[in-house]
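Visitor: Below is the file work23.txt, with compact mmCIF, C-alpha atoms.
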```
# COMPACT_ATOMS: atom_id res chain seq x y z
CA MET L 559 70.99 95.96 152.93
CA ALA L 560 74.20 96.75 154.76
CA ARG L 561 77.22 97.42 152.53
CA LYS L 562 80.74 98.47 153.16
CA GLN L 563 81.17 102.21 152.73
CA GLU L 564 82.61 102.76 149.31
CA THR L 565 82.22 105.21 146.49
CA THR L 566 79.87 103.89 143.87
CA ARG L 567 79.52 104.65 140.18
CA VAL L 568 77.33 103.59 137.30
CA VAL L 569 78.88 101.20 134.78
CA ASP L 570 76.70 99.96 131.94
CA GLY L 571 73.60 100.97 133.90
CA ARG L 572 74.67 99.05 137.03
CA VAL L 573 75.80 100.68 140.25
CA VAL L 574 79.14 99.18 141.22
CA GLY L 575 81.77 99.85 143.87
CA ASP L 576 85.24 101.22 143.15
CA HIS L 577 86.85 97.82 143.29
CA GLU L 578 84.53 96.25 140.77
CA ALA L 579 84.68 99.35 138.58
CA GLY L 580 88.47 99.12 138.67
CA ARG L 581 88.45 95.46 137.68
CA ARG L 582 86.00 96.13 134.86
CA ARG L 583 88.08 99.06 133.66
CA ALA L 584 91.16 96.83 133.56
CA GLU L 585 89.18 94.19 131.67
CA GLU L 586 87.86 96.75 129.22
CA GLU L 587 91.33 98.14 128.68
CA ALA L 588 92.67 94.67 128.05
CA GLU L 589 89.82 93.96 125.64
CA ALA L 590 90.35 97.29 123.94
CA GLY L 591 94.01 96.35 123.64
CA GLU L 592 95.37 99.43 125.31
CA VAL L 593 98.89 98.02 125.29
CA ARG L 594 100.91 100.19 122.91
CA PHE L 595 104.11 98.95 121.30
CA VAL L 596 107.02 101.38 121.31
CA PRO L 597 109.54 100.40 118.62
CA PRO L 598 113.02 101.86 119.18
CA LEU L 599 114.04 105.10 117.47
CA ASN L 600 114.63 104.68 113.72
CA PHE L 601 113.26 101.12 113.79
CA ALA L 602 112.64 99.31 110.51
CA MET L 603 112.51 95.87 108.96
CA VAL L 604 115.47 95.35 106.65
CA ASP L 605 114.49 91.96 105.29
CA ASN L 606 112.98 88.70 106.51
CA GLY L 607 114.42 88.13 109.98
CA ILE L 608 116.54 91.32 109.96
CA PHE L 609 115.65 94.53 111.79
CA ARG L 610 117.52 97.79 112.42
CA SER L 611 117.15 100.59 114.97
CA GLY L 612 118.77 103.14 117.23
CA PHE L 613 119.61 102.30 120.85
CA PRO L 614 116.74 100.39 122.50
CA ASP L 615 115.75 101.21 126.07
CA SER L 616 113.32 99.63 128.52
CA ALA L 617 110.30 101.34 126.90
CA ASN L 618 111.02 99.22 123.81
CA PHE L 619 111.33 95.82 125.51
CA THR L 620 107.68 94.76 125.09
CA PHE L 621 107.89 95.54 121.38
CA LEU L 622 111.27 93.82 121.00
CA LYS L 623 109.83 90.74 122.70
CA SER L 624 107.18 90.62 119.97
CA LEU L 625 109.93 90.18 117.37
CA ALA L 626 111.09 86.92 118.99
CA LEU L 627 114.73 87.94 118.41
CA ARG L 628 117.44 85.31 118.47
CA SER L 629 120.32 87.80 118.41
CA VAL L 630 121.37 91.42 118.53
CA ILE L 631 124.29 92.95 116.62
CA TYR L 632 125.45 95.94 118.64
CA LEU L 633 127.91 98.23 116.88
CA CYS L 634 129.22 100.49 119.69
CA PRO L 635 132.26 99.99 121.95
CA GLU L 636 130.40 101.04 125.14
CA PRO L 637 129.16 98.15 127.32
CA ASP L 638 125.46 97.38 126.93
CA PRO L 639 123.46 98.90 129.85
CA GLU L 640 122.62 96.40 132.60
CA ALA L 641 118.84 96.67 131.96
CA ASN L 642 119.41 95.65 128.33
CA ASN L 643 121.66 92.78 129.39
CA VAL L 644 118.99 91.51 131.77
CA PHE L 645 116.38 91.75 128.99
CA LEU L 646 118.59 89.84 126.53
CA ARG L 647 119.42 87.09 129.06
CA ALA L 648 115.78 86.72 130.16
CA ASN L 649 114.73 86.23 126.55
CA GLY L 650 117.61 84.01 125.44
CA ILE L 651 118.90 86.59 122.96
CA ARG L 652 122.60 86.36 122.01
CA LEU L 653 124.52 89.65 121.94
CA TYR L 654 127.20 90.13 119.25
CA GLN L 655 129.09 93.32 120.00
CA PHE L 656 131.38 95.00 117.47
CA GLY L 657 132.93 98.08 119.03
CA ILE L 658 133.04 100.65 116.25
CA GLU L 659 134.06 104.07 117.57
CA MET L 660 131.86 107.02 116.69
CA CYS L 661 133.88 109.59 114.77
CA LYS L 662 132.79 112.82 113.17
CA GLU L 663 133.69 113.79 109.63
CA PRO L 664 136.36 114.31 108.33
CA PHE L 665 137.89 111.77 110.74
CA VAL L 666 135.47 108.95 110.03
CA ASN L 667 137.12 105.60 109.68
CA ILE L 668 134.72 102.67 109.58
CA PRO L 669 136.88 99.55 110.12
CA GLU L 670 136.34 97.28 107.13
CA GLU L 671 137.34 94.07 108.92
CA THR L 672 134.89 94.70 111.77
CA ILE L 673 132.04 95.29 109.34
CA ARG L 674 133.05 92.09 107.51
CA GLU L 675 132.87 90.10 110.77
CA ALA L 676 129.49 91.67 111.59
CA MET L 677 128.29 90.78 108.07
CA LYS L 678 129.10 87.11 108.68
CA ILE L 679 126.90 87.11 111.80
CA LEU L 680 124.20 89.09 110.00
CA ILE L 681 123.81 86.80 107.00
CA ASP L 682 123.86 83.58 109.04
CA VAL L 683 120.17 82.65 109.23
CA ASN L 684 120.87 80.67 112.42
CA ASN L 685 121.13 84.10 114.10
CA HIS L 686 117.76 85.32 112.79
CA PRO L 687 115.60 87.10 113.75
CA VAL L 688 118.36 89.63 114.43
CA LEU L 689 118.31 93.32 115.39
CA ILE L 690 121.20 95.54 114.28
CA HIS L 691 121.63 98.68 116.35
CA CYS L 692 124.11 101.40 117.25
CA LYS L 693 123.31 104.72 118.98
CA ARG L 694 120.93 106.40 116.52
CA GLY L 695 120.60 103.74 113.82
CA LYS L 696 122.06 106.13 111.26
CA HIS L 697 125.78 105.72 110.53
CA ARG L 698 127.21 102.44 111.83
CA THR L 699 123.92 100.59 111.30
CA GLY L 700 123.52 102.34 107.94
CA CYS L 701 126.97 101.15 106.82
CA LEU L 702 126.28 97.53 107.77
CA VAL L 703 122.86 97.53 106.07
CA GLY L 704 124.42 99.22 103.02
CA CYS L 705 127.00 96.42 102.75
CA LEU L 706 124.20 93.84 103.03
CA ARG L 707 122.36 95.58 100.17
CA LYS L 708 125.55 95.36 98.10
CA LEU L 709 125.62 91.63 98.69
CA GLN L 710 121.95 91.57 97.68
CA LYS L 711 123.03 93.28 94.43
CA TRP L 712 121.14 96.53 94.91
CA CYS L 713 122.40 99.37 92.71
CA LEU L 714 124.33 102.03 94.63
CA SER L 715 121.76 104.78 94.10
CA SER L 716 119.10 102.66 95.84
CA ILE L 717 121.53 101.77 98.64
CA PHE L 718 122.31 105.44 99.22
CA ASP L 719 118.60 106.37 99.03
CA GLU L 720 117.96 103.94 101.89
CA TYR L 721 121.04 105.09 103.86
CA GLN L 722 119.92 108.73 103.55
CA ARG L 723 116.35 107.96 104.62
CA PHE L 724 117.67 106.86 108.02
CA ALA L 725 120.56 109.30 108.36
CA GLY L 726 118.48 112.32 107.29
CA ALA L 727 120.36 115.58 107.68
CA LYS L 728 123.26 113.63 109.28
CA ALA L 729 124.04 111.62 106.11
CA ARG L 730 127.79 111.29 105.51
CA VAL L 731 129.53 111.05 102.18
CA SER L 732 132.31 109.09 103.90
CA ASP L 733 129.87 106.34 104.99
CA GLN L 734 128.53 106.11 101.45
CA ARG L 735 132.07 105.94 100.05
CA PHE L 736 132.80 103.15 102.55
CA ILE L 737 129.78 101.19 101.26
CA GLU L 738 130.81 101.83 97.65
CA LEU L 739 134.35 100.53 98.27
CA PHE L 740 133.40 97.60 100.52
CA ASP L 741 134.55 94.36 98.88
CA ILE L 742 131.86 91.69 99.08
CA SER L 743 133.74 89.05 97.09
CA SER L 744 134.71 86.99 100.17
CA LEU L 745 131.03 86.80 101.22
CA LYS L 746 129.61 86.01 97.81
CA ASN L 747 129.27 82.28 98.28
CA THR L 748 126.98 82.66 101.29
CA PRO L 749 123.48 81.59 100.34
CA LEU L 750 121.04 84.46 100.89
CA THR L 751 117.51 83.36 101.60
CA PHE L 752 115.95 86.73 102.35
CA SER L 753 112.97 87.92 100.41
CA CYS L 754 114.73 90.82 98.72
CA SER L 755 117.31 88.53 97.17
CA LYS L 756 115.18 85.64 95.95
CA ARG L 757 115.06 85.45 92.19
CA MET M 378 149.59 75.44 61.71
CA ALA M 379 147.05 77.16 59.47
CA ARG M 380 144.36 79.15 61.37
CA LYS M 381 141.47 81.33 60.32
CA GLN M 382 142.44 84.99 60.30
CA GLU M 383 141.09 86.52 63.49
CA THR M 384 142.23 89.02 66.05
CA THR M 385 143.76 87.28 69.02
CA ARG M 386 144.26 88.36 72.63
CA VAL M 387 145.76 86.90 75.77
CA VAL M 388 143.32 85.69 78.42
CA ASP M 389 144.71 83.99 81.52
CA GLY M 390 148.00 83.41 79.71
CA ARG M 391 146.27 81.72 76.75
CA VAL M 392 145.99 83.24 73.31
CA VAL M 393 142.34 83.13 72.24
CA GLY M 394 140.24 84.51 69.38
CA ASP M 395 137.66 87.31 69.73
CA HIS M 396 134.76 84.89 69.85
CA GLU M 397 136.15 82.85 72.71
CA ALA M 398 137.24 86.00 74.55
CA GLY M 399 133.69 87.35 74.25
CA ARG M 400 132.17 84.15 75.60
CA ARG M 401 134.62 84.10 78.51
CA ARG M 402 133.88 87.74 79.26
CA ALA M 403 130.15 87.00 79.37
CA GLU M 404 130.81 84.03 81.65
CA GLU M 405 132.98 86.11 83.94
CA GLU M 406 130.35 88.83 84.11
CA ALA M 407 127.68 86.27 84.95
CA GLU M 408 129.94 84.75 87.63
CA ALA M 409 130.70 88.19 88.99
CA GLY M 410 126.93 88.72 89.21
CA GLU M 411 126.85 92.01 87.36
CA VAL M 412 123.04 92.11 87.47
CA ARG M 413 122.07 95.01 89.72
CA PHE M 414 118.66 95.24 91.34
CA VAL M 415 116.95 98.62 91.19
CA PRO M 416 114.27 98.85 93.90
CA PRO M 417 111.64 101.53 93.24
CA LEU M 418 111.99 104.99 94.80
CA ASN M 419 111.32 105.00 98.55
CA PHE M 420 111.17 101.19 98.65
CA ALA M 421 111.05 99.43 102.01
CA MET M 422 109.82 96.30 103.72
CA VAL M 423 106.92 97.09 106.04
CA ASP M 424 106.48 93.66 107.56
CA ASN M 425 106.55 90.02 106.50
CA GLY M 426 104.98 89.91 103.05
CA ILE M 427 104.31 93.67 102.90
CA PHE M 428 106.39 96.19 100.93
CA ARG M 429 105.96 99.90 100.14
CA SER M 430 107.38 102.20 97.47
CA GLY M 431 106.88 105.07 95.07
CA PHE M 432 105.74 104.47 91.49
CA PRO M 433 107.60 101.51 89.96
CA ASP M 434 108.83 101.71 86.37
CA SER M 435 110.40 99.21 84.00
CA ALA M 436 113.86 99.63 85.58
CA ASN M 437 112.40 98.12 88.76
CA PHE M 438 110.74 95.05 87.20
CA THR M 439 113.67 92.64 87.72
CA PHE M 440 113.81 93.61 91.37
CA LEU M 441 110.04 93.38 91.81
CA LYS M 442 110.11 89.91 90.26
CA SER M 443 112.54 88.87 93.03
CA LEU M 444 109.85 89.69 95.62
CA ALA M 445 107.47 87.07 94.13
CA LEU M 446 104.55 89.48 94.63
CA ARG M 447 101.01 88.15 94.67
CA SER M 448 99.36 91.58 94.58
CA VAL M 449 99.84 95.31 94.29
CA ILE M 450 97.78 97.95 96.11
CA TYR M 451 97.88 101.07 93.93
CA LEU M 452 96.54 104.22 95.56
CA CYS M 453 96.21 106.70 92.65
CA PRO M 454 93.20 107.34 90.39
CA GLU M 455 95.28 107.41 87.17
CA PRO M 456 95.27 104.18 85.13
CA ASP M 457 98.37 102.02 85.59
CA PRO M 458 100.78 102.50 82.62
CA GLU M 459 100.54 99.76 80.00
CA ALA M 460 104.11 98.52 80.66
CA ASN M 461 103.22 97.98 84.33
CA ASN M 462 100.00 96.19 83.38
CA VAL M 463 101.93 93.87 81.09
CA PHE M 464 104.45 93.16 83.87
CA LEU M 465 101.69 92.41 86.39
CA ARG M 466 99.81 90.10 83.99
CA ALA M 467 102.99 88.28 82.94
CA ASN M 468 103.79 87.56 86.58
CA GLY M 469 100.28 86.70 87.75
CA ILE M 470 100.14 89.71 90.10
CA ARG M 471 96.66 91.01 91.03
CA LEU M 472 96.20 94.79 90.93
CA TYR M 473 93.96 96.41 93.56
CA GLN M 474 93.50 100.05 92.66
CA PHE M 475 92.07 102.60 95.10
CA GLY M 476 91.85 105.97 93.38
CA ILE M 477 92.79 108.49 96.04
CA GLU M 478 93.21 111.98 94.58
CA MET M 479 96.42 113.83 95.34
CA CYS M 480 95.60 117.08 97.13
CA LYS M 481 97.89 119.68 98.60
CA GLU M 482 97.47 121.09 102.09
CA PRO M 483 95.26 122.71 103.34
CA PHE M 484 92.80 120.86 101.01
CA VAL M 485 93.92 117.36 101.86
CA ASN M 486 91.08 114.95 102.36
CA ILE M 487 92.11 111.32 102.60
CA PRO M 488 88.89 109.29 102.18
CA GLU M 489 88.52 107.12 105.28
CA GLU M 490 86.30 104.49 103.63
CA THR M 491 88.76 103.98 100.77
CA ILE M 492 91.65 103.49 103.19
CA ARG M 493 89.49 101.05 105.16
CA GLU M 494 88.82 99.01 101.99
CA ALA M 495 92.54 99.07 101.13
CA MET M 496 93.32 97.93 104.70
CA LYS M 497 91.13 94.86 104.24
CA ILE M 498 93.10 93.85 101.15
CA LEU M 499 96.39 94.68 102.89
CA ILE M 500 95.87 92.56 105.98
CA ASP M 501 94.53 89.54 104.09
CA VAL M 502 97.53 87.21 103.97
CA ASN M 503 96.08 85.54 100.87
CA ASN M 504 97.19 88.69 99.04
CA HIS M 505 100.79 88.52 100.33
CA PRO M 506 103.46 89.27 99.31
CA VAL M 507 101.93 92.65 98.48
CA LEU M 508 103.44 95.97 97.36
CA ILE M 509 101.67 99.22 98.35
CA HIS M 510 102.50 102.17 96.14
CA CYS M 511 101.28 105.60 95.08
CA LYS M 512 103.33 108.25 93.22
CA ARG M 513 106.19 108.97 95.63
CA GLY M 514 105.47 106.51 98.43
CA LYS M 515 105.11 109.39 100.89
CA HIS M 516 101.54 110.53 101.60
CA ARG M 517 98.90 108.02 100.44
CA THR M 518 101.19 105.05 101.08
CA GLY M 519 102.29 106.64 104.36
CA CYS M 520 98.66 106.96 105.51
CA LEU M 521 97.85 103.33 104.71
CA VAL M 522 101.00 102.06 106.44
CA GLY M 523 100.28 104.35 109.40
CA CYS M 524 96.80 102.82 109.78
CA LEU M 525 98.34 99.34 109.63
CA ARG M 526 100.76 100.32 112.43
CA LYS M 527 97.76 101.49 114.48
CA LEU M 528 96.19 98.06 114.07
CA GLN M 529 99.56 96.62 115.10
CA LYS M 530 99.29 98.74 118.26
CA TRP M 531 102.29 100.94 117.65
CA CYS M 532 102.28 104.15 119.68
CA LEU M 533 101.55 107.28 117.64
CA SER M 534 105.01 108.81 118.08
CA SER M 535 106.60 105.73 116.46
CA ILE M 536 103.98 105.73 113.68
CA PHE M 537 104.72 109.39 112.94
CA ASP M 538 108.48 108.79 113.12
CA GLU M 539 108.09 106.18 110.37
CA TYR M 540 105.69 108.36 108.33
CA GLN M 541 108.16 111.26 108.48
CA ARG M 542 111.12 109.10 107.48
CA PHE M 543 109.47 108.46 104.11
CA ALA M 544 107.76 111.84 103.64
CA GLY M 545 110.88 113.81 104.60
CA ALA M 546 110.44 117.55 104.05
CA LYS M 547 107.00 116.83 102.52
CA ALA M 548 105.51 115.44 105.77
CA ARG M 549 101.94 116.64 106.34
CA VAL M 550 100.27 117.27 109.68
CA SER M 551 96.92 116.48 108.00
CA ASP M 552 98.07 112.96 107.07
CA GLN M 553 99.25 112.37 110.61
CA ARG M 554 95.95 113.67 112.00
CA PHE M 555 94.14 111.28 109.62
CA ILE M 556 96.15 108.36 111.01
CA GLU M 557 95.50 109.51 114.58
CA LEU M 558 91.72 109.71 114.01
CA PHE M 559 91.40 106.54 111.89
CA ASP M 560 89.08 104.11 113.68
CA ILE M 561 90.49 100.59 113.61
CA SER M 562 87.73 99.00 115.70
CA SER M 563 85.99 97.37 112.72
CA LEU M 564 89.28 95.69 111.71
CA LYS M 565 90.31 94.54 115.16
CA ASN M 566 89.14 90.96 114.87
CA THR M 567 91.35 90.26 111.86
CA PRO M 568 94.17 87.95 112.89
CA LEU M 569 97.54 89.57 112.24
CA THR M 570 100.35 87.15 111.63
CA PHE M 571 103.10 89.59 110.74
CA SER M 572 106.33 89.57 112.63
CA CYS M 573 105.89 93.00 114.17
CA SER M 574 102.63 91.99 115.80
CA LYS M 575 103.43 88.56 117.15
CA ARG M 576 103.51 88.48 120.96
```
What would you get if you wrote out this structure as structure tokens?
Guide:
Amino acid sequence: MARKQETTRVVDGRVVGDHEAGRRRAEEEAEAGEVRFVPPLNFAMVDNGIFRSGFPDSANFTFLKSLALRSVIYLCPEPDPEANNVFLRANGIRLYQFGIEMCKEPFVNIPEETIREAMKILIDVNNHPVLIHCKRGKHRTGCLVGCLRKLQKWCLSSIFDEYQRFAGAKARVSDQRFIELFDISSLKNTPLTFSCSKR
Amino acid sequence: MARKQETTRVVDGRVVGDHEAGRRRAEEEAEAGEVRFVPPLNFAMVDNGIFRSGFPDSANFTFLKSLALRSVIYLCPEPDPEANNVFLRANGIRLYQFGIEMCKEPFVNIPEETIREAMKILIDVNNHPVLIHCKRGKHRTGCLVGCLRKLQKWCLSSIFDEYQRFAGAKARVSDQRFIELFDISSLKNTPLTFSCSKR
């Protein structure tokens, strides 16, 4: 029988051409679920509908899509890269940007009012699921999550334990002092429906 | 006007007796929400309905109650302390114990079959909300969560990043090799409905 010249190989005991072998390989890969999710650096779930991370890039988009995000709270002053903007628009994700400058100790000065505005967006369940991110997911993100934990009535030692887990060797006393001093009284009447604050 | 002898003080411009001042103070404290939640050491949310931590003690019970747990996966061979048993029974929380011995490198040998059995309990949403814990929430808990992330199709570098965040300076190559080699194929047909695995 005349056949087109093509390399052949044995797949499951059958001799098949390259094309068919390629299709089967793709099918097998799909069945085997070879897609791998790549969460952003320092990614974690904070509470129901709230996530945190370092700066996401295009490698993370498939994973981020799986979270079905409704909004992103971005805590740096630099404009979001165009690829990220395209991703957010394509997936109907609102971007809330709060430009907090990165400073190194001892010149750290987290602006309380900016964090308060970000908190309002963060605790509004209409914005959930929401991803909080800055550059590395350590300091600015750590401060915002720390203030949320205060509102959730966590004791300070547990708040700092969590802050330090993400900041690692870069943990800053000044960030932790900021969290300790942050006044949550104006936010207290907001109903919190997250799992870690149900009683 | 004749009054009973009692110490008086000024509260909000009104002179009141000790008893009334005490009641008001209690009310104010309640309003101010002075209850503080104490999450267990190394506590975190893994995914919807899944939490992880180190060994919980009585200081953590109020917080744990707020999670409305349905079960606990406990990964040590030692019997659960009586106080913890009482807490679990009083709150209708099922205890699933998998006695994995603590070993130090280079003699670490995480039993694959035990982790597989724990995985089945973990991914069964009828057991959620569930808390996974061992002693410090680093190695045994880190291995089980790492295997869950594999089933959730996370890439290994992200799985190890998370493992290391909780293990800190105590991170073990042998645990990470265990996660890398763990065969999830027998668990693949289980539907996962957590947020990090929705597509």
Visitor: Could you check which residues have any atom within 8 Å of (116.4, 102.6, 88.9), counting all atoms listed in the file with coordinates taken straight from the file, and then list them as a CSV table (one decimal) with C-alpha atoms, keeping the file's coordinate frame?
Guide:
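As written to disk, part31.csv reads:
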```csv
chain,number,residue,atom,x,y,z
L,713,CYS,CA,122.4,99.4,92.7
L,715,SER,CA,121.8,104.8,94.1
L,716,SER,CA,119.1,102.7,95.8
M,415,VAL,CA,117.0,98.6,91.2
M,416,PRO,CA,114.3,98.8,93.9
M,417,PRO,CA,111.6,101.5,93.2
M,418,LEU,CA,112.0,105.0,94.8
M,436,ALA,CA,113.9,99.6,85.6
M,437,ASN,CA,112.4,98.1,88.8
```
Visitor: Give as number ranges by chain every residue of chain M that touches chain L within 10 Å, counting all atoms listed in the file.
Guide: M: 409-426, 439-445, 506, 526-536, 538-539, 541-545, 562, 565, 571-576
Visitor: May I ask for the distance between atom CA of Cys524 of chain M and atom CA of Ile492 of chain M, given in Å to one decimal place?
Guide: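 Result for atom CA of Cys524 of chain M versus atom CA of Ile492 of chain M: 8.4 Å, one decimal.
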Visitor: Considering all atoms listed in the file, state which residue in the set L:Val731, L:Ile737, L:Val703, L:Val630 is at the smallest distance from Asn643 of chain L.
Guide: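 Ranking L:Val731, L:Ile737, L:Val703, L:Val630 by distance to Asn643 of chain L, first place goes to L:Val630.
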Visitor: Can you measure atom CA of His697 of chain L to atom CA of Glu636 of chain L for me? One decimal in Å is fine.
Guide: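 Taking atom CA of His697 of chain L as the start and atom CA of Glu636 of chain L as the end point, the length is 16.0 Å.
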Visitor: Quote the spacing between atom CA of Val683 of chain L and atom CA of Asn667 of chain L in Å to one decimal place.
Guide: 28.5 Å
Visitor: Pick the closest to Asp501 of chain M from M:Ile477, M:Ile470, M:Leu525, M:Leu465: which is it, counting only C-alpha atoms?
Guide: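 Selected residue with least distance to Asp501 of chain M: M:Leu525.
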Visitor: Which is closest to Phe645 of chain L among L:Leu739, L:Asn747, L:Gly704, L:Phe619, if we use only C-alpha atoms?
Guide: L:Phe619
Visitor: Between M:Leu521, M:Ile427, M:Ile561, M:Cys480, single out the one closest to Asn503 of chain M, counting all atoms listed in the file.
Guide: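 Residue with the minimum atom-to-atom distance to Asn503 of chain M: M:Ile427.
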Visitor: Dump C-alpha atoms of segment 427-484 of chain M from the given block, as a short mmCIF file (atom, residue, chain, number, x, y, z; two decimals), in the first residue's frame.
Guide:
```cif
data_model
loop_
_atom_site.label_atom_id
_atom_site.label_comp_id
_atom_site.auth_asym_id
_atom_site.auth_seq_id
_atom_site.Cartn_x
_atom_site.Cartn_y
_atom_site.Cartn_z
CA ILE M 427 -8.70 24.20 54.38
CA PHE M 428 -6.42 25.61 57.10
CA ARG M 429 -2.97 24.63 58.39
CA SER M 430 -1.09 25.30 61.63
CA GLY M 431 1.24 24.08 64.33
CA PHE M 432 -0.09 22.41 67.47
CA PRO M 433 -3.12 24.29 68.82
CA ASP M 434 -3.48 24.86 72.56
CA SER M 435 -6.24 26.27 74.74
CA ALA M 436 -5.25 29.88 73.94
CA ASN M 437 -6.28 29.17 70.34
CA PHE M 438 -9.70 27.62 71.02
CA THR M 439 -11.73 30.85 70.68
CA PHE M 440 -10.10 31.52 67.33
CA LEU M 441 -10.55 27.93 66.15
CA LYS M 442 -14.22 28.12 67.09
CA SER M 443 -14.54 31.09 64.71
CA LEU M 444 -13.49 28.82 61.82
CA ALA M 445 -16.51 26.53 62.38
CA LEU M 446 -14.30 23.48 61.74
CA ARG M 447 -15.88 20.18 60.81
CA SER M 448 -12.67 18.16 61.14
CA VAL M 449 -9.03 18.15 62.13
CA ILE M 450 -6.27 16.15 60.41
CA TYR M 451 -3.61 15.53 63.06
CA LEU M 452 -0.33 14.14 61.74
CA CYS M 453 1.53 13.03 64.91
CA PRO M 454 1.51 9.62 66.62
CA GLU M 455 1.16 11.09 70.15
CA PRO M 456 -2.38 11.10 71.59
CA ASP M 457 -4.16 14.46 71.38
CA PRO M 458 -4.04 16.25 74.79
CA GLU M 459 -7.23 15.86 76.82
CA ALA M 460 -8.03 19.61 76.66
CA ASN M 461 -7.96 19.44 72.86
CA ASN M 462 -10.15 16.33 72.87
CA VAL M 463 -12.68 18.08 75.07
CA PHE M 464 -12.67 21.10 72.74
CA LEU M 465 -13.17 18.93 69.65
CA ARG M 466 -16.02 16.94 71.24
CA ALA M 467 -17.74 20.07 72.55
CA ASN M 468 -17.72 21.57 69.07
CA GLY M 469 -18.63 18.43 67.12
CA ILE M 470 -15.26 18.36 65.32
CA ARG M 471 -14.09 14.97 63.98
CA LEU M 472 -10.45 14.07 64.60
CA TYR M 473 -8.56 12.16 61.90
CA GLN M 474 -5.19 11.13 63.29
CA PHE M 475 -2.36 9.87 61.07
CA GLY M 476 0.60 8.98 63.25
CA ILE M 477 3.64 10.07 61.27
CA GLU M 478 6.82 9.83 63.34
CA MET M 479 9.03 12.89 63.52
CA CYS M 480 12.48 12.04 62.17
CA LYS M 481 15.48 14.24 61.61
CA GLU M 482 17.47 14.27 58.39
CA PRO M 483 19.10 12.14 57.02
CA PHE M 484 16.67 9.54 58.51
#
```
